[in-house]
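Below: one structure, written as structure tokens.
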Amino acid sequence: MRRREFVGLVGCVAALWQCLARAQQPTMPVVGFLRSASAVDSAHIVKAFRQGLQEAGFVEGQNVAIELRWADNNLDRLPALVEELTRLPVAVIVANTPSALAAEAANTKIPIVFATGGDPIREGLVTSLNRPGGNVTGVSYIFAELAAKRLSLLRQIVPKAATIGLLTNPVIPNTATEKKDVQAAAQAIGQPLVTVDVTSERDFEPAFATFTERGVGALFVGSGGFFNSKHVQLVHLAARHKIPACYVWREAAVDGGLMSYGPSITDSHRQAGIYAGRILKGEKPGDLPVVQSSKIDFVLNLKTAKTLGLEIHPQLIATADEVIE
């Protein structure tokens with residue numbers, strides 16, 4: 001055999017062994033992370049999700065890959081994003097309520113882990129909390145049931161507010177329940193409400209103009225991923241219009257909102273990450289009971305209260321989980 005032919009043969013054999021070695025290496029599983037909101041202001045949620053995956057034994061880039069997808073508050077984009085993740089393919093999809101519903105509607109057998117602020121049974125995500133069955137399970141941090149408590153706290157902090165504004169997004173699945181609960185709580189105590197629905201960021205300025213024109217003395221901001229992703233803009237608008245506002249999520253109070261009262265969204269997504277990891281290890285989503293998130297945060301921003309000229313009773317301050325000064 002000629003030397004040139006021998007070298008070529010050795011090269012081919014080496015290349016063949018490299019291909020065989022790559023073929024024998026286990027394929028890194030891919031987790032799809034899908035939200036109907038935008039990536040802006042959602043870094044804390046993604047970080048918590050990654051933390052949960054790590055607690056389950058999966059580190060991005062080492063033994064798992066993560067594909068992030070955002071609908072930017074355009075629900076019509078969700079079916080295409082689900083299809084895109086399905087084609088990759090992903091081993092499991094972690095999603096908020098609208099995204100999980102879109103994934104279910106696609107009739108895919110890919111496991112789905114949701115993180116929802118509503119009732120998963122009423123929203124049609126599962127038929128049972130203890131034994132979800134099928135390919136769907138997740139974490140529930142119900143906002144609507146806390147609506148009356150949030151309204152009560154807002155009234156205690158801003159007792160002179162004759163009229164309270166209610167900002168809601170009708171596109172969010174649990175909005176109807178939340179709105180009904182707030183209106184019932186307000187009616188029971190004779191509290192006038194001014195309700196404004198918004199579906200996009202361009203509706204914010206007109207909404208606050210309406211609140212100012214109607215003499216709103218305090219604002220109740222509804223729940224949902226849309227408001228969560230836009231909380232910085234809402235905080236700035238409330239400050240500009242000098243309207244004390246109550247939010248669901250802790251991050252809004254940390255970023256300058258007057259107060260927040262609600263489940264920990266970050267902790268819920270951490271738990272969703274843990275469930276995704278367990279599914280990657282072989283557990284079936286239908287056998288994993290829906291996690292009922294019980295961590296409630298009451299955060300007061302005294303710096304904002306001082307700017308608004310509000311004096312908060314020391315007894316109420318003592319009940320807060322976190323006080324920002």
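Each chain in the structure tokens gets a letter, A, B and so on, in the order shown; residues start at 1 in every chain, and ligands are counted from 1 in the order they appear.
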
Considering only C-alpha atoms, return as a PyMOL selection string whatever protein or nucleic-acid residues lie within 10 Å of region 234-245 of chain A, sequence-local ones (same chain, fewer than 2 positions apart) excluded. chain A and resi 154+157-158+161+164-166+201+204-205+208-209+211-212+215-221+227-232+247+252-253+255-260+304-305+307-310

Write out the residues from the selection above, keeping C-alpha atoms, as a CSV table (one decimal), in the first residue's frame.
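Listed below is the output, selection-v4.csv:
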```
chain,number,residue,atom,x,y,z
A,154,LEU,CA,-54.9,49.4,50.4
A,157,ILE,CA,-52.8,52.5,53.9
A,158,VAL,CA,-54.8,55.1,52.0
A,161,ALA,CA,-59.1,57.6,49.2
A,164,ILE,CA,-60.2,53.5,44.2
A,165,GLY,CA,-59.2,52.6,40.7
A,166,LEU,CA,-59.1,49.0,39.4
A,201,GLU,CA,-48.9,49.2,27.0
A,204,PHE,CA,-51.6,52.9,30.1
A,205,GLU,CA,-51.5,56.6,29.6
A,208,PHE,CA,-54.2,56.9,34.2
A,209,ALA,CA,-55.7,60.0,32.6
A,211,PHE,CA,-58.1,57.7,36.9
A,212,THR,CA,-57.0,61.3,37.4
A,215,GLY,CA,-60.6,61.6,41.2
A,216,VAL,CA,-59.1,58.2,42.0
A,217,GLY,CA,-57.2,58.3,45.3
A,218,ALA,CA,-55.6,54.9,45.2
A,219,LEU,CA,-55.1,52.2,42.6
A,220,PHE,CA,-55.5,48.4,42.6
A,221,VAL,CA,-53.4,46.8,39.9
A,227,PHE,CA,-48.8,43.6,34.3
A,228,ASN,CA,-45.9,41.7,35.8
A,229,SER,CA,-43.7,42.3,32.8
A,230,LYS,CA,-44.8,46.0,32.7
A,231,HIS,CA,-44.6,46.7,36.4
A,232,VAL,CA,-41.8,49.2,36.0
A,247,TYR,CA,-49.5,45.4,43.2
A,252,ALA,CA,-43.2,46.2,41.9
A,253,ALA,CA,-42.8,47.4,45.5
A,255,ASP,CA,-39.0,49.1,42.2
A,256,GLY,CA,-40.9,51.9,43.8
A,257,GLY,CA,-44.5,50.8,44.1
A,258,LEU,CA,-46.2,51.6,47.4
A,259,MET,CA,-47.0,48.1,48.4
A,260,SER,CA,-47.5,44.5,47.1
A,304,THR,CA,-42.7,55.8,48.4
A,305,ALA,CA,-45.2,56.3,51.2
A,307,THR,CA,-43.0,60.8,48.9
A,308,LEU,CA,-46.8,60.5,48.6
A,309,GLY,CA,-47.3,62.0,52.1
A,310,LEU,CA,-48.8,58.9,53.6
```

Identify all residues of region 70-258 of chain A in strand (DSSP E or B) (DSSP on the backbone) and supply them as number ranges by chain. A: 70, 92-95, 112-116, 136-140, 164-168, 193-197, 218-221, 245-247

Expected file: the selected residues, N, CA and C atoms, as a short mmCIF file (atom, residue, chain, number, x, y, z; two decimals), in the first residue's frame:
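See result18.cif below for the written result:
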```cif
data_model
loop_
_atom_site.label_atom_id
_atom_site.label_comp_id
_atom_site.auth_asym_id
_atom_site.auth_seq_id
_atom_site.Cartn_x
_atom_site.Cartn_y
_atom_site.Cartn_z
N TRP A 70 -40.86 34.07 23.83
CA TRP A 70 -41.72 35.11 24.39
C TRP A 70 -42.73 35.55 23.33
N VAL A 92 -39.70 18.96 27.56
CA VAL A 92 -40.75 19.46 28.44
C VAL A 92 -40.90 20.96 28.18
N ILE A 93 -42.12 21.46 28.35
CA ILE A 93 -42.40 22.89 28.17
C ILE A 93 -42.85 23.46 29.51
N VAL A 94 -42.19 24.52 29.97
CA VAL A 94 -42.59 25.25 31.17
C VAL A 94 -43.25 26.54 30.71
N ALA A 95 -44.47 26.82 31.19
CA ALA A 95 -45.24 27.91 30.61
C ALA A 95 -46.16 28.59 31.62
N ILE A 112 -46.01 19.20 29.96
CA ILE A 112 -46.17 20.65 30.19
C ILE A 112 -46.18 20.91 31.69
N VAL A 113 -45.38 21.87 32.12
CA VAL A 113 -45.38 22.31 33.52
C VAL A 113 -45.81 23.77 33.53
N PHE A 114 -46.95 24.05 34.11
CA PHE A 114 -47.45 25.44 34.13
C PHE A 114 -47.12 26.11 35.46
N ALA A 115 -47.10 27.44 35.41
CA ALA A 115 -47.05 28.27 36.61
C ALA A 115 -48.17 29.27 36.44
N THR A 116 -49.24 29.10 37.21
CA THR A 116 -50.45 29.89 36.98
C THR A 116 -50.90 30.64 38.22
N VAL A 136 -49.86 17.08 31.76
CA VAL A 136 -49.79 18.43 32.32
C VAL A 136 -49.80 18.41 33.84
N THR A 137 -48.94 19.22 34.45
CA THR A 137 -48.96 19.49 35.89
C THR A 137 -48.31 20.85 36.09
N GLY A 138 -48.15 21.27 37.34
CA GLY A 138 -47.51 22.57 37.54
C GLY A 138 -47.67 23.14 38.92
N VAL A 139 -47.59 24.47 38.97
CA VAL A 139 -47.63 25.21 40.23
C VAL A 139 -48.74 26.26 40.15
N SER A 140 -49.54 26.34 41.20
CA SER A 140 -50.64 27.31 41.23
C SER A 140 -50.40 28.30 42.37
N ILE A 164 -61.38 54.31 44.50
CA ILE A 164 -60.23 53.46 44.18
C ILE A 164 -60.33 52.99 42.74
N GLY A 165 -59.21 53.08 42.03
CA GLY A 165 -59.17 52.61 40.65
C GLY A 165 -58.83 51.13 40.59
N LEU A 166 -59.37 50.45 39.59
CA LEU A 166 -59.09 49.03 39.37
C LEU A 166 -58.61 48.87 37.93
N LEU A 167 -57.35 48.46 37.78
CA LEU A 167 -56.74 48.29 36.46
C LEU A 167 -56.68 46.80 36.15
N THR A 168 -57.34 46.38 35.07
CA THR A 168 -57.38 44.95 34.74
C THR A 168 -57.06 44.73 33.26
N LEU A 193 -65.62 52.23 43.01
CA LEU A 193 -64.52 51.79 42.16
C LEU A 193 -64.65 52.42 40.77
N VAL A 194 -63.49 52.68 40.17
CA VAL A 194 -63.44 53.08 38.76
C VAL A 194 -62.60 52.02 38.05
N THR A 195 -63.23 51.22 37.21
CA THR A 195 -62.55 50.11 36.55
C THR A 195 -62.17 50.46 35.12
N VAL A 196 -60.90 50.22 34.79
CA VAL A 196 -60.41 50.46 33.43
C VAL A 196 -59.71 49.20 32.94
N ASP A 197 -60.10 48.73 31.75
CA ASP A 197 -59.45 47.58 31.13
C ASP A 197 -58.38 48.05 30.16
N ALA A 218 -56.48 56.02 45.01
CA ALA A 218 -55.60 54.86 45.17
C ALA A 218 -55.91 53.90 44.04
N LEU A 219 -54.94 53.04 43.74
CA LEU A 219 -55.08 52.16 42.58
C LEU A 219 -54.80 50.70 42.94
N PHE A 220 -55.69 49.84 42.49
CA PHE A 220 -55.55 48.38 42.64
C PHE A 220 -55.16 47.83 41.27
N VAL A 221 -53.92 47.37 41.13
CA VAL A 221 -53.44 46.82 39.85
C VAL A 221 -53.70 45.32 39.82
N ALA A 245 -50.43 53.02 44.76
CA ALA A 245 -50.87 51.82 44.05
C ALA A 245 -50.46 50.54 44.76
N CYS A 246 -51.34 49.55 44.67
CA CYS A 246 -51.12 48.23 45.26
C CYS A 246 -50.93 47.22 44.13
N TYR A 247 -49.88 46.40 44.24
CA TYR A 247 -49.55 45.41 43.21
C TYR A 247 -49.56 44.01 43.81
#
```

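Taking CA of Asn135 (chain A) as the reference point, CA of Glu123 (chain A) is found at 15.8 Å.
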
List the spatial neighbours of Val182 (chain A) as number ranges by chain - criterion: any atom at most 9 Å away, only C-alpha atoms, same-chain residues fewer than 5 positions off excluded. A: 144, 147-148, 150-151, 166, 177, 187

Could the residues in this selection be written to a file with C-alpha atoms, as a short mmCIF file (atom, residue, chain, number, x, y, z; two decimals), in the first residue's frame?
```cif
data_model
loop_
_atom_site.label_atom_id
_atom_site.label_comp_id
_atom_site.auth_asym_id
_atom_site.auth_seq_id
_atom_site.Cartn_x
_atom_site.Cartn_y
_atom_site.Cartn_z
CA ALA A 144 -57.89 36.08 42.75
CA ALA A 147 -58.12 40.22 46.02
CA ALA A 148 -60.32 41.16 49.01
CA ARG A 150 -55.31 43.33 49.01
CA LEU A 151 -58.17 45.82 48.78
CA LEU A 166 -59.09 49.03 39.37
CA THR A 177 -62.79 36.09 38.77
CA GLN A 187 -69.59 46.79 47.34
#
```

Spatial neighbours of region 30-37 of chain A, 7 Å, only C-alpha atoms, chain gap at least 6 places, as a PyMOL selection string: chain A and resi 64-75+85+90-96+98-99+225-226+229

Next, the residues of the selection above should be written as a PDB file, in the first residue's frame with C-alpha atoms.
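Full text of part.pdb as output:
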```pdb
ATOM      1  CA  VAL A  64     -29.582  20.416  29.848  1.00  0.00           C
ATOM      2  CA  ALA A  65     -30.326  23.080  27.227  1.00  0.00           C
ATOM      3  CA  ILE A  66     -32.975  25.791  27.639  1.00  0.00           C
ATOM      4  CA  GLU A  67     -34.893  27.438  24.809  1.00  0.00           C
ATOM      5  CA  LEU A  68     -36.633  30.703  25.822  1.00  0.00           C
ATOM      6  CA  ARG A  69     -39.628  31.950  23.828  1.00  0.00           C
ATOM      7  CA  TRP A  70     -41.722  35.109  24.393  1.00  0.00           C
ATOM      8  CA  ALA A  71     -45.015  36.141  22.768  1.00  0.00           C
ATOM      9  CA  ASP A  72     -44.535  39.790  23.819  1.00  0.00           C
ATOM     10  CA  ASN A  73     -48.153  39.960  25.050  1.00  0.00           C
ATOM     11  CA  ASN A  74     -49.463  38.877  21.637  1.00  0.00           C
ATOM     12  CA  LEU A  75     -51.425  35.691  22.319  1.00  0.00           C
ATOM     13  CA  LEU A  85     -40.521  24.267  20.360  1.00  0.00           C
ATOM     14  CA  VAL A  90     -38.097  19.878  23.560  1.00  0.00           C
ATOM     15  CA  ALA A  91     -38.466  17.271  26.294  1.00  0.00           C
ATOM     16  CA  VAL A  92     -40.751  19.458  28.435  1.00  0.00           C
ATOM     17  CA  ILE A  93     -42.398  22.887  28.174  1.00  0.00           C
ATOM     18  CA  VAL A  94     -42.587  25.250  31.175  1.00  0.00           C
ATOM     19  CA  ALA A  95     -45.237  27.913  30.607  1.00  0.00           C
ATOM     20  CA  ASN A  96     -47.577  30.494  32.110  1.00  0.00           C
ATOM     21  CA  PRO A  98     -52.006  31.276  28.177  1.00  0.00           C
ATOM     22  CA  SER A  99     -48.869  29.512  26.942  1.00  0.00           C
ATOM     23  CA  GLY A 225     -48.074  38.098  33.344  1.00  0.00           C
ATOM     24  CA  PHE A 226     -48.766  41.235  31.280  1.00  0.00           C
ATOM     25  CA  SER A 229     -43.723  42.305  32.776  1.00  0.00           C
TER      26      SER A 229
END
```

Env of Arg122 (chain A): 12 Å cut, atoms = only C-alpha atoms, seq-sep filter 2 positions within chain, self excluded. Answer as a VMD selection string. chain A and resid 97 116 to 120 124 to 129 140 142 173 to 174 176 to 177

Determine which residues of region 18-193 of chain A receive a DSSP assignment of alpha helix (DSSP H), computed from the backbone, and state them as a PyMOL selection string. chain A and resi 18-24+43-55+78-87+97-105+147-157+175-188

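Separating CA of Leu153 (chain A) from CA of Asp181 (chain A) is a distance of 14.9 Å.
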
Give me the residues near Gln191 (chain A) as a tab-separated table (two decimals) with N, CA and C atoms, in the first residue's frame, where near means some atom within 9 Å (using only C-alpha atoms) and where sequence neighbours in that chain fewer than 4 positions away do not count.
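Saved file result_26.tsv follows:
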```tsv
chain	number	residue	atom	x	y	z
A	162	ALA	N	-61.36	58.35	48.54
A	162	ALA	CA	-62.81	58.21	48.38
A	162	ALA	C	-63.14	57.24	47.26
A	163	THR	N	-62.32	57.24	46.21
A	163	THR	CA	-62.54	56.36	45.07
A	163	THR	C	-61.25	55.59	44.77
A	164	ILE	N	-61.38	54.31	44.50
A	164	ILE	CA	-60.23	53.46	44.18
A	164	ILE	C	-60.33	52.99	42.74
A	183	GLN	N	-64.83	43.71	43.10
A	183	GLN	CA	-66.07	44.47	43.07
A	183	GLN	C	-67.01	44.06	44.20
A	185	ALA	N	-66.06	42.78	47.14
A	185	ALA	CA	-65.46	43.28	48.38
A	185	ALA	C	-65.70	44.77	48.53
A	186	ALA	N	-65.59	45.51	47.43
A	186	ALA	CA	-65.81	46.96	47.47
A	186	ALA	C	-67.27	47.29	47.76
A	187	GLN	N	-68.16	46.55	47.14
A	187	GLN	CA	-69.59	46.79	47.34
A	187	GLN	C	-70.00	46.50	48.77
```

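Going from CA of Glu311 (chain A) over to CA of Arg155 (chain A), you cover 12.7 Å.
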
Residue with smallest distance to Leu78 (chain A) - pool A:Val59, A:Ala106, A:Leu53, A:Ala320, counting only C-alpha atoms: A:Ala106
